[in-house]
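Raw my_file_11.txt, compact mmCIF, N, CA and C atoms:
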```
# COMPACT_ATOMS: atom_id res chain seq x y z
N MET V 1 -14.74 -36.17 104.62
CA MET V 1 -13.48 -36.34 105.30
C MET V 1 -12.41 -36.73 104.26
N THR V 2 -11.21 -36.29 104.48
CA THR V 2 -10.13 -36.56 103.55
C THR V 2 -9.33 -37.77 104.01
N HIS V 3 -8.97 -38.62 103.07
CA HIS V 3 -8.15 -39.80 103.33
C HIS V 3 -6.72 -39.48 102.91
N PHE V 4 -5.76 -39.82 103.75
CA PHE V 4 -4.35 -39.60 103.45
C PHE V 4 -3.68 -40.95 103.31
N PRO V 5 -3.55 -41.47 102.07
CA PRO V 5 -2.98 -42.81 101.86
C PRO V 5 -1.57 -42.94 102.44
N GLN V 6 -1.36 -43.99 103.19
CA GLN V 6 -0.06 -44.26 103.77
C GLN V 6 0.41 -45.63 103.31
N PRO V 7 1.61 -45.71 102.74
CA PRO V 7 2.13 -47.01 102.35
C PRO V 7 2.40 -47.87 103.57
N HIS V 8 2.16 -49.16 103.44
CA HIS V 8 2.46 -50.10 104.51
C HIS V 8 3.97 -50.31 104.52
N PRO V 9 4.60 -50.24 105.70
CA PRO V 9 6.07 -50.31 105.73
C PRO V 9 6.68 -51.61 105.22
N SER V 10 5.95 -52.72 105.29
CA SER V 10 6.54 -53.99 104.86
C SER V 10 5.82 -54.66 103.69
N ARG V 11 4.77 -54.03 103.19
CA ARG V 11 4.00 -54.65 102.11
C ARG V 11 3.55 -53.58 101.12
N ARG V 12 3.86 -53.78 99.84
CA ARG V 12 3.44 -52.83 98.81
C ARG V 12 1.96 -52.99 98.52
N ALA V 13 1.33 -51.90 98.19
CA ALA V 13 -0.08 -51.94 97.78
C ALA V 13 -0.17 -52.67 96.44
N ALA V 14 -1.25 -53.43 96.26
CA ALA V 14 -1.46 -54.15 95.00
C ALA V 14 -1.53 -53.15 93.85
N ARG V 15 -0.80 -53.45 92.78
CA ARG V 15 -0.79 -52.58 91.61
C ARG V 15 -1.52 -53.25 90.46
N VAL V 16 -2.22 -52.43 89.69
CA VAL V 16 -2.96 -52.91 88.54
C VAL V 16 -2.37 -52.26 87.31
N GLN V 17 -1.96 -53.08 86.34
CA GLN V 17 -1.44 -52.59 85.06
C GLN V 17 -2.62 -52.30 84.15
N LEU V 18 -2.66 -51.09 83.58
CA LEU V 18 -3.81 -50.69 82.78
C LEU V 18 -3.54 -50.61 81.29
N GLY V 19 -2.29 -50.53 80.87
CA GLY V 19 -2.00 -50.37 79.45
C GLY V 19 -2.28 -48.95 79.01
N ASP V 20 -2.83 -48.78 77.80
CA ASP V 20 -3.04 -47.45 77.24
C ASP V 20 -4.48 -46.98 77.25
N SER V 21 -5.34 -47.63 77.98
CA SER V 21 -6.77 -47.34 77.82
C SER V 21 -7.32 -46.25 78.72
N VAL V 22 -6.61 -45.84 79.77
CA VAL V 22 -7.18 -44.91 80.72
C VAL V 22 -6.46 -43.56 80.66
N LEU V 23 -7.21 -42.52 80.35
CA LEU V 23 -6.65 -41.18 80.34
C LEU V 23 -6.82 -40.53 81.70
N ALA V 24 -5.85 -39.73 82.08
CA ALA V 24 -5.90 -38.99 83.34
C ALA V 24 -5.74 -37.50 83.03
N ALA V 25 -6.50 -36.70 83.73
CA ALA V 25 -6.37 -35.24 83.63
C ALA V 25 -5.50 -34.78 84.79
N ILE V 26 -4.50 -33.96 84.49
CA ILE V 26 -3.55 -33.48 85.48
C ILE V 26 -3.65 -31.96 85.56
N ARG V 27 -3.77 -31.43 86.77
CA ARG V 27 -3.72 -29.98 86.95
C ARG V 27 -2.50 -29.66 87.79
N LEU V 28 -1.63 -28.83 87.24
CA LEU V 28 -0.38 -28.47 87.89
C LEU V 28 -0.60 -27.37 88.93
N GLU V 29 0.40 -27.15 89.77
CA GLU V 29 0.30 -26.14 90.83
C GLU V 29 -0.01 -24.75 90.29
N ASP V 30 0.50 -24.43 89.10
CA ASP V 30 0.29 -23.10 88.53
C ASP V 30 -1.04 -22.99 87.77
N GLY V 31 -1.85 -24.04 87.81
CA GLY V 31 -3.17 -24.02 87.17
C GLY V 31 -3.20 -24.60 85.77
N ARG V 32 -2.01 -24.80 85.16
CA ARG V 32 -1.99 -25.40 83.82
C ARG V 32 -2.52 -26.82 83.89
N ARG V 33 -3.05 -27.26 82.77
CA ARG V 33 -3.60 -28.62 82.68
C ARG V 33 -2.88 -29.40 81.60
N THR V 34 -2.80 -30.71 81.80
CA THR V 34 -2.24 -31.60 80.81
C THR V 34 -2.95 -32.94 80.94
N LYS V 35 -2.72 -33.81 79.97
CA LYS V 35 -3.30 -35.15 80.00
C LYS V 35 -2.18 -36.17 80.00
N ALA V 36 -2.50 -37.35 80.49
CA ALA V 36 -1.55 -38.45 80.53
C ALA V 36 -2.31 -39.75 80.40
N LYS V 37 -1.58 -40.82 80.12
CA LYS V 37 -2.17 -42.15 80.13
C LYS V 37 -1.78 -42.81 81.44
N LEU V 38 -2.78 -43.32 82.15
CA LEU V 38 -2.55 -43.99 83.41
C LEU V 38 -2.12 -45.43 83.12
N GLN V 39 -0.87 -45.75 83.42
CA GLN V 39 -0.31 -47.07 83.12
C GLN V 39 -0.54 -48.07 84.24
N THR V 40 -0.33 -47.62 85.47
CA THR V 40 -0.44 -48.47 86.66
C THR V 40 -1.10 -47.66 87.75
N ILE V 41 -1.91 -48.32 88.59
CA ILE V 41 -2.57 -47.61 89.68
C ILE V 41 -2.63 -48.52 90.91
N SER V 42 -2.57 -47.92 92.08
CA SER V 42 -2.77 -48.60 93.35
C SER V 42 -3.47 -47.62 94.27
N VAL V 43 -3.79 -48.04 95.49
CA VAL V 43 -4.44 -47.12 96.42
C VAL V 43 -3.47 -46.06 96.94
N THR V 44 -2.17 -46.25 96.72
CA THR V 44 -1.19 -45.28 97.20
C THR V 44 -0.59 -44.40 96.11
N GLY V 45 -0.82 -44.72 94.83
CA GLY V 45 -0.26 -43.91 93.76
C GLY V 45 -0.36 -44.60 92.42
N GLY V 46 0.50 -44.18 91.49
CA GLY V 46 0.43 -44.76 90.16
C GLY V 46 1.58 -44.34 89.27
N LEU V 47 1.44 -44.68 88.00
CA LEU V 47 2.44 -44.37 86.99
C LEU V 47 1.74 -43.81 85.76
N LEU V 48 2.18 -42.63 85.34
CA LEU V 48 1.60 -41.95 84.19
C LEU V 48 2.57 -41.97 83.02
N GLN V 49 2.04 -42.10 81.81
CA GLN V 49 2.84 -41.91 80.60
C GLN V 49 2.48 -40.52 80.10
N MET V 50 3.51 -39.65 80.04
CA MET V 50 3.30 -38.25 79.71
C MET V 50 4.21 -37.83 78.57
N SER V 51 3.84 -36.73 77.90
CA SER V 51 4.68 -36.23 76.81
C SER V 51 5.95 -35.58 77.33
N GLN V 52 5.91 -35.00 78.54
CA GLN V 52 7.11 -34.43 79.15
C GLN V 52 7.02 -34.59 80.66
N SER V 53 8.17 -34.68 81.30
CA SER V 53 8.20 -34.96 82.73
C SER V 53 7.80 -33.73 83.54
N LEU V 54 7.35 -34.00 84.73
CA LEU V 54 7.02 -32.97 85.71
C LEU V 54 8.17 -32.90 86.71
N GLY V 55 8.20 -31.86 87.51
CA GLY V 55 9.28 -31.70 88.48
C GLY V 55 9.08 -32.58 89.70
N GLN V 56 10.14 -33.29 90.08
CA GLN V 56 10.08 -34.13 91.27
C GLN V 56 9.69 -33.26 92.46
N GLY V 57 8.75 -33.73 93.26
CA GLY V 57 8.29 -32.99 94.42
C GLY V 57 7.13 -32.05 94.15
N ASP V 58 6.79 -31.84 92.86
CA ASP V 58 5.64 -31.01 92.53
C ASP V 58 4.36 -31.67 93.05
N PHE V 59 3.39 -30.85 93.40
CA PHE V 59 2.09 -31.37 93.79
C PHE V 59 1.11 -31.07 92.66
N VAL V 60 0.32 -32.08 92.30
CA VAL V 60 -0.63 -31.97 91.20
C VAL V 60 -1.96 -32.56 91.63
N GLU V 61 -3.00 -32.24 90.87
CA GLU V 61 -4.28 -32.91 91.01
C GLU V 61 -4.38 -33.92 89.88
N VAL V 62 -4.80 -35.14 90.20
CA VAL V 62 -4.94 -36.21 89.23
C VAL V 62 -6.40 -36.64 89.24
N ALA V 63 -7.00 -36.77 88.04
CA ALA V 63 -8.38 -37.22 87.93
C ALA V 63 -8.49 -38.24 86.80
N PHE V 64 -9.24 -39.30 87.04
CA PHE V 64 -9.48 -40.32 86.02
C PHE V 64 -10.79 -41.01 86.33
N GLN V 65 -11.29 -41.74 85.35
CA GLN V 65 -12.60 -42.38 85.46
C GLN V 65 -12.44 -43.87 85.73
N THR V 66 -13.24 -44.39 86.64
CA THR V 66 -13.32 -45.83 86.87
C THR V 66 -14.77 -46.25 86.71
N GLN V 67 -15.00 -47.55 86.69
CA GLN V 67 -16.37 -48.05 86.59
C GLN V 67 -17.19 -47.62 87.80
N ALA V 68 -16.53 -47.47 88.94
CA ALA V 68 -17.21 -47.05 90.16
C ALA V 68 -17.45 -45.54 90.22
N GLY V 69 -16.89 -44.82 89.24
CA GLY V 69 -17.06 -43.38 89.19
C GLY V 69 -15.72 -42.67 89.12
N PRO V 70 -15.76 -41.33 89.07
CA PRO V 70 -14.51 -40.58 88.95
C PRO V 70 -13.69 -40.62 90.23
N VAL V 71 -12.38 -40.58 90.05
CA VAL V 71 -11.44 -40.50 91.17
C VAL V 71 -10.62 -39.24 90.96
N HIS V 72 -10.55 -38.43 92.01
CA HIS V 72 -9.83 -37.17 91.96
C HIS V 72 -9.03 -37.05 93.24
N GLY V 73 -7.73 -36.79 93.12
CA GLY V 73 -6.91 -36.68 94.32
C GLY V 73 -5.70 -35.79 94.13
N MET V 74 -5.11 -35.41 95.23
CA MET V 74 -3.86 -34.66 95.23
C MET V 74 -2.72 -35.67 95.26
N ALA V 75 -1.65 -35.36 94.50
CA ALA V 75 -0.53 -36.29 94.41
C ALA V 75 0.79 -35.55 94.39
N GLU V 76 1.82 -36.23 94.85
CA GLU V 76 3.19 -35.73 94.77
C GLU V 76 3.88 -36.44 93.61
N VAL V 77 4.55 -35.68 92.77
CA VAL V 77 5.27 -36.23 91.63
C VAL V 77 6.60 -36.79 92.11
N LEU V 78 6.92 -38.00 91.65
CA LEU V 78 8.19 -38.65 92.01
C LEU V 78 9.14 -38.60 90.81
N THR V 79 10.34 -39.11 90.97
CA THR V 79 11.35 -39.08 89.91
C THR V 79 10.91 -39.94 88.73
N PRO V 80 11.00 -39.41 87.50
CA PRO V 80 10.63 -40.20 86.32
C PRO V 80 11.41 -41.51 86.28
N THR V 81 10.74 -42.59 85.87
CA THR V 81 11.40 -43.89 85.84
C THR V 81 12.03 -44.21 84.51
N ARG V 82 11.47 -43.69 83.42
CA ARG V 82 12.02 -43.98 82.10
C ARG V 82 11.65 -42.87 81.14
N LYS V 83 12.65 -42.42 80.40
CA LYS V 83 12.39 -41.43 79.35
C LYS V 83 12.53 -42.12 78.01
N MET V 84 11.51 -41.97 77.17
CA MET V 84 11.50 -42.54 75.83
C MET V 84 11.58 -41.39 74.84
N SER V 85 11.66 -41.69 73.56
CA SER V 85 11.82 -40.63 72.56
C SER V 85 10.65 -39.65 72.54
N ASP V 86 9.43 -40.13 72.79
CA ASP V 86 8.27 -39.24 72.71
C ASP V 86 7.46 -39.15 73.99
N SER V 87 7.93 -39.78 75.08
CA SER V 87 7.17 -39.73 76.33
C SER V 87 8.08 -40.09 77.51
N VAL V 88 7.51 -39.96 78.68
CA VAL V 88 8.22 -40.29 79.91
C VAL V 88 7.24 -41.00 80.85
N LEU V 89 7.75 -41.96 81.63
CA LEU V 89 6.93 -42.62 82.65
C LEU V 89 7.16 -41.89 83.96
N GLN V 90 6.10 -41.30 84.49
CA GLN V 90 6.18 -40.42 85.65
C GLN V 90 5.38 -41.02 86.82
N PRO V 91 6.05 -41.51 87.86
CA PRO V 91 5.33 -42.04 89.02
C PRO V 91 4.81 -40.90 89.92
N PHE V 92 3.77 -41.22 90.67
CA PHE V 92 3.22 -40.27 91.65
C PHE V 92 2.69 -41.05 92.84
N ARG V 93 2.58 -40.34 93.95
CA ARG V 93 1.95 -40.95 95.13
C ARG V 93 0.84 -40.03 95.60
N PHE V 94 -0.28 -40.65 95.93
CA PHE V 94 -1.40 -39.87 96.44
C PHE V 94 -1.02 -39.31 97.81
N VAL V 95 -1.35 -38.03 98.03
CA VAL V 95 -1.15 -37.44 99.35
C VAL V 95 -2.49 -37.13 100.01
N ALA V 96 -3.56 -37.02 99.21
CA ALA V 96 -4.88 -36.78 99.79
C ALA V 96 -5.96 -37.19 98.79
N LEU V 97 -6.94 -37.94 99.29
CA LEU V 97 -8.12 -38.34 98.52
C LEU V 97 -9.33 -38.15 99.42
N GLU V 98 -10.39 -37.58 98.88
CA GLU V 98 -11.63 -37.54 99.65
C GLU V 98 -12.10 -38.97 99.87
N ASP V 99 -12.86 -39.19 100.92
CA ASP V 99 -13.30 -40.55 101.24
C ASP V 99 -14.04 -41.21 100.09
N ASP V 100 -14.92 -40.48 99.40
CA ASP V 100 -15.66 -41.07 98.28
C ASP V 100 -14.73 -41.46 97.14
N ASP V 101 -13.71 -40.64 96.86
CA ASP V 101 -12.74 -40.97 95.82
C ASP V 101 -11.93 -42.21 96.22
N HIS V 102 -11.53 -42.28 97.47
CA HIS V 102 -10.77 -43.44 97.96
C HIS V 102 -11.62 -44.71 97.85
N ARG V 103 -12.90 -44.61 98.21
CA ARG V 103 -13.79 -45.77 98.13
C ARG V 103 -13.95 -46.23 96.68
N ARG V 104 -14.15 -45.27 95.75
CA ARG V 104 -14.30 -45.64 94.34
C ARG V 104 -13.02 -46.28 93.80
N LEU V 105 -11.86 -45.75 94.18
CA LEU V 105 -10.59 -46.31 93.73
C LEU V 105 -10.42 -47.72 94.27
N ARG V 106 -10.64 -47.91 95.56
CA ARG V 106 -10.48 -49.24 96.16
C ARG V 106 -11.47 -50.23 95.56
N THR V 107 -12.71 -49.82 95.36
CA THR V 107 -13.72 -50.70 94.76
C THR V 107 -13.28 -51.14 93.36
N SER V 108 -12.80 -50.20 92.55
CA SER V 108 -12.36 -50.52 91.19
C SER V 108 -11.14 -51.42 91.20
N LEU V 109 -10.18 -51.15 92.07
CA LEU V 109 -8.99 -52.00 92.15
C LEU V 109 -9.36 -53.41 92.60
N ASP V 110 -10.23 -53.51 93.60
CA ASP V 110 -10.67 -54.84 94.05
C ASP V 110 -11.37 -55.58 92.93
N HIS V 111 -12.17 -54.88 92.14
CA HIS V 111 -12.88 -55.49 91.01
C HIS V 111 -11.89 -56.04 89.98
N VAL V 112 -10.85 -55.25 89.66
CA VAL V 112 -9.84 -55.69 88.69
C VAL V 112 -9.10 -56.91 89.22
N VAL V 113 -8.67 -56.88 90.47
CA VAL V 113 -7.94 -58.00 91.06
C VAL V 113 -8.81 -59.26 91.07
N ASP V 114 -10.07 -59.12 91.46
CA ASP V 114 -10.98 -60.28 91.47
C ASP V 114 -11.15 -60.86 90.07
N ARG V 115 -11.34 -60.01 89.07
CA ARG V 115 -11.53 -60.48 87.69
C ARG V 115 -10.24 -61.10 87.15
N ASN V 116 -9.10 -60.51 87.48
CA ASN V 116 -7.83 -61.06 87.01
C ASN V 116 -7.59 -62.45 87.59
N GLN V 117 -7.99 -62.67 88.83
CA GLN V 117 -7.83 -63.99 89.44
C GLN V 117 -8.70 -65.02 88.74
N LEU V 118 -9.78 -64.57 88.11
CA LEU V 118 -10.66 -65.47 87.37
C LEU V 118 -10.24 -65.57 85.90
N GLY V 119 -9.21 -64.81 85.51
CA GLY V 119 -8.73 -64.84 84.13
C GLY V 119 -9.62 -64.07 83.18
N MET V 120 -10.34 -63.08 83.69
CA MET V 120 -11.25 -62.30 82.86
C MET V 120 -10.69 -60.90 82.64
N LYS V 121 -11.01 -60.31 81.51
CA LYS V 121 -10.61 -58.93 81.22
C LYS V 121 -11.52 -57.99 82.03
N SER V 122 -10.91 -56.98 82.67
CA SER V 122 -11.68 -56.06 83.48
C SER V 122 -12.10 -54.83 82.72
N THR V 123 -13.25 -54.28 83.12
CA THR V 123 -13.71 -53.00 82.59
C THR V 123 -13.82 -51.99 83.70
N ALA V 124 -13.10 -52.18 84.79
CA ALA V 124 -13.21 -51.30 85.95
C ALA V 124 -12.67 -49.90 85.68
N PHE V 125 -11.75 -49.77 84.73
CA PHE V 125 -11.21 -48.47 84.39
C PHE V 125 -11.59 -48.15 82.96
N LEU V 126 -12.08 -46.96 82.75
CA LEU V 126 -12.58 -46.54 81.47
C LEU V 126 -11.81 -45.32 81.00
N THR V 127 -11.93 -44.99 79.73
CA THR V 127 -11.29 -43.79 79.20
C THR V 127 -11.96 -42.57 79.80
N TYR V 128 -11.16 -41.63 80.29
CA TYR V 128 -11.65 -40.41 80.93
C TYR V 128 -12.16 -39.43 79.91
```
Please, can you express the file's structure as structure tokens?
Amino acid sequence: MTHFPQPHPSRRAARVQLGDSVLAAIRLEDGRRTKAKLQTISVTGGLLQMSQSLGQGDFVEVAFQTQAGPVHGMAEVLTPTRKMSDSVLQPFRFVALEDDDHRRLRTSLDHVVDRNQLGMKSTAFLTY
């Protein structure tokens, strides 16, 4: 069964800052592939650091590795938040995740939040 993440109208989903350690594979609508660094992730979407921006409203497939296993989902590209000299920060929101992918993502995010509350470094997200 497919899960369609919906943002809560009055409460943002918990976000986890990942830094530069997690690579994401992106497949564009036309079949081209690119890679990005996953900077931030939540159950509703995330933020990618990419070499060039994607078109707002484009639909892409996003895949990355977590300690709980791979996560693969469909996402809508949002307006870039910051353009730097050699990269751009590109937000996205998940529009569809299979139930197993959603479970792995939620498990990994919960693990990171739990470890952060204890002041420990998390290994829930790994290089793809």
*Of the candidates V:Ala25, V:Asp100, V:Lys83, V:Phe92, which one gets nearest to Ile41 of chain V if we count only C-alpha atoms?*
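Among V:Ala25, V:Asp100, V:Lys83, V:Phe92, it is V:Phe92 that comes nearest to Ile41 of chain V.
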*Can you work out the spacing between atom N of Gln52 of chain V and atom C of Ser87 of chain V in Å, to one decimal?*
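Here the two named atoms are 5.6 Å from each other.
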*Residues near Thr40 of chain V, cut-off 6.5 Å, only N, CA and C atoms, skip fewer than 5 positions along chain, as an MDAnalysis selection string*: chainID V and resid 15:19 45:48
*Could you tell me how far atom N of Val88 of chain V lies from atom C of Ala36 of chain V, in Å and to one decimal?*
10.0 Å
Can you find the residues with an atom no farther than 10 Å from (8.3, -33.9, 96.5), counting only C-alpha atoms, and report them as an mmCIF file with N, CA and C atoms, in the frame of the given file?
```
data_model
loop_
_atom_site.group_PDB
_atom_site.id
_atom_site.type_symbol
_atom_site.label_atom_id
_atom_site.label_comp_id
_atom_site.auth_asym_id
_atom_site.auth_seq_id
_atom_site.Cartn_x
_atom_site.Cartn_y
_atom_site.Cartn_z
ATOM 1 N N GLY V 55 8.200 -31.860 87.510
ATOM 2 C CA GLY V 55 9.280 -31.700 88.480
ATOM 3 C C GLY V 55 9.080 -32.580 89.700
ATOM 4 N N GLN V 56 10.140 -33.290 90.080
ATOM 5 C CA GLN V 56 10.080 -34.130 91.270
ATOM 6 C C GLN V 56 9.690 -33.260 92.460
ATOM 7 N N GLY V 57 8.750 -33.730 93.260
ATOM 8 C CA GLY V 57 8.290 -32.990 94.420
ATOM 9 C C GLY V 57 7.130 -32.050 94.150
ATOM 10 N N ASP V 58 6.790 -31.840 92.860
ATOM 11 C CA ASP V 58 5.640 -31.010 92.530
ATOM 12 C C ASP V 58 4.360 -31.670 93.050
ATOM 13 N N PHE V 59 3.390 -30.850 93.400
ATOM 14 C CA PHE V 59 2.090 -31.370 93.790
ATOM 15 C C PHE V 59 1.110 -31.070 92.660
ATOM 16 N N ALA V 75 -1.650 -35.360 94.500
ATOM 17 C CA ALA V 75 -0.530 -36.290 94.410
ATOM 18 C C ALA V 75 0.790 -35.550 94.390
ATOM 19 N N GLU V 76 1.820 -36.230 94.850
ATOM 20 C CA GLU V 76 3.190 -35.730 94.770
ATOM 21 C C GLU V 76 3.880 -36.440 93.610
ATOM 22 N N VAL V 77 4.550 -35.680 92.770
ATOM 23 C CA VAL V 77 5.270 -36.230 91.630
ATOM 24 C C VAL V 77 6.600 -36.790 92.110
ATOM 25 N N LEU V 78 6.920 -38.000 91.650
ATOM 26 C CA LEU V 78 8.190 -38.650 92.010
ATOM 27 C C LEU V 78 9.140 -38.600 90.810
ATOM 28 N N THR V 79 10.340 -39.110 90.970
ATOM 29 C CA THR V 79 11.350 -39.080 89.910
ATOM 30 C C THR V 79 10.910 -39.940 88.730
ATOM 31 N N PHE V 92 3.770 -41.220 90.670
ATOM 32 C CA PHE V 92 3.220 -40.270 91.650
ATOM 33 C C PHE V 92 2.690 -41.050 92.840
ATOM 34 N N ARG V 93 2.580 -40.340 93.950
ATOM 35 C CA ARG V 93 1.950 -40.950 95.130
ATOM 36 C C ARG V 93 0.840 -40.030 95.600
#
```
_Residue neighbourhood Phe64 of chain V, 5 Å, all atoms listed in the file, exclusion window fewer than 6 positions, as a list in words_ =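 Answer for this query is Ala24, Pro70 and Val71 of chain V.
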*Can you work out the spacing between atom CA of Ser53 of chain V and atom CA of Gln90 of chain V in Å, to one decimal?*
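Between these atoms lies a distance of 6.5 Å.
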*DSSP on the backbone: what in segment 5-117 of chain V comes out strand (DSSP E or B), as a ChimeraX atom specification?*
/V:16-17,23-27,33-41,45-50,59-66,69-77,82-83,88-98
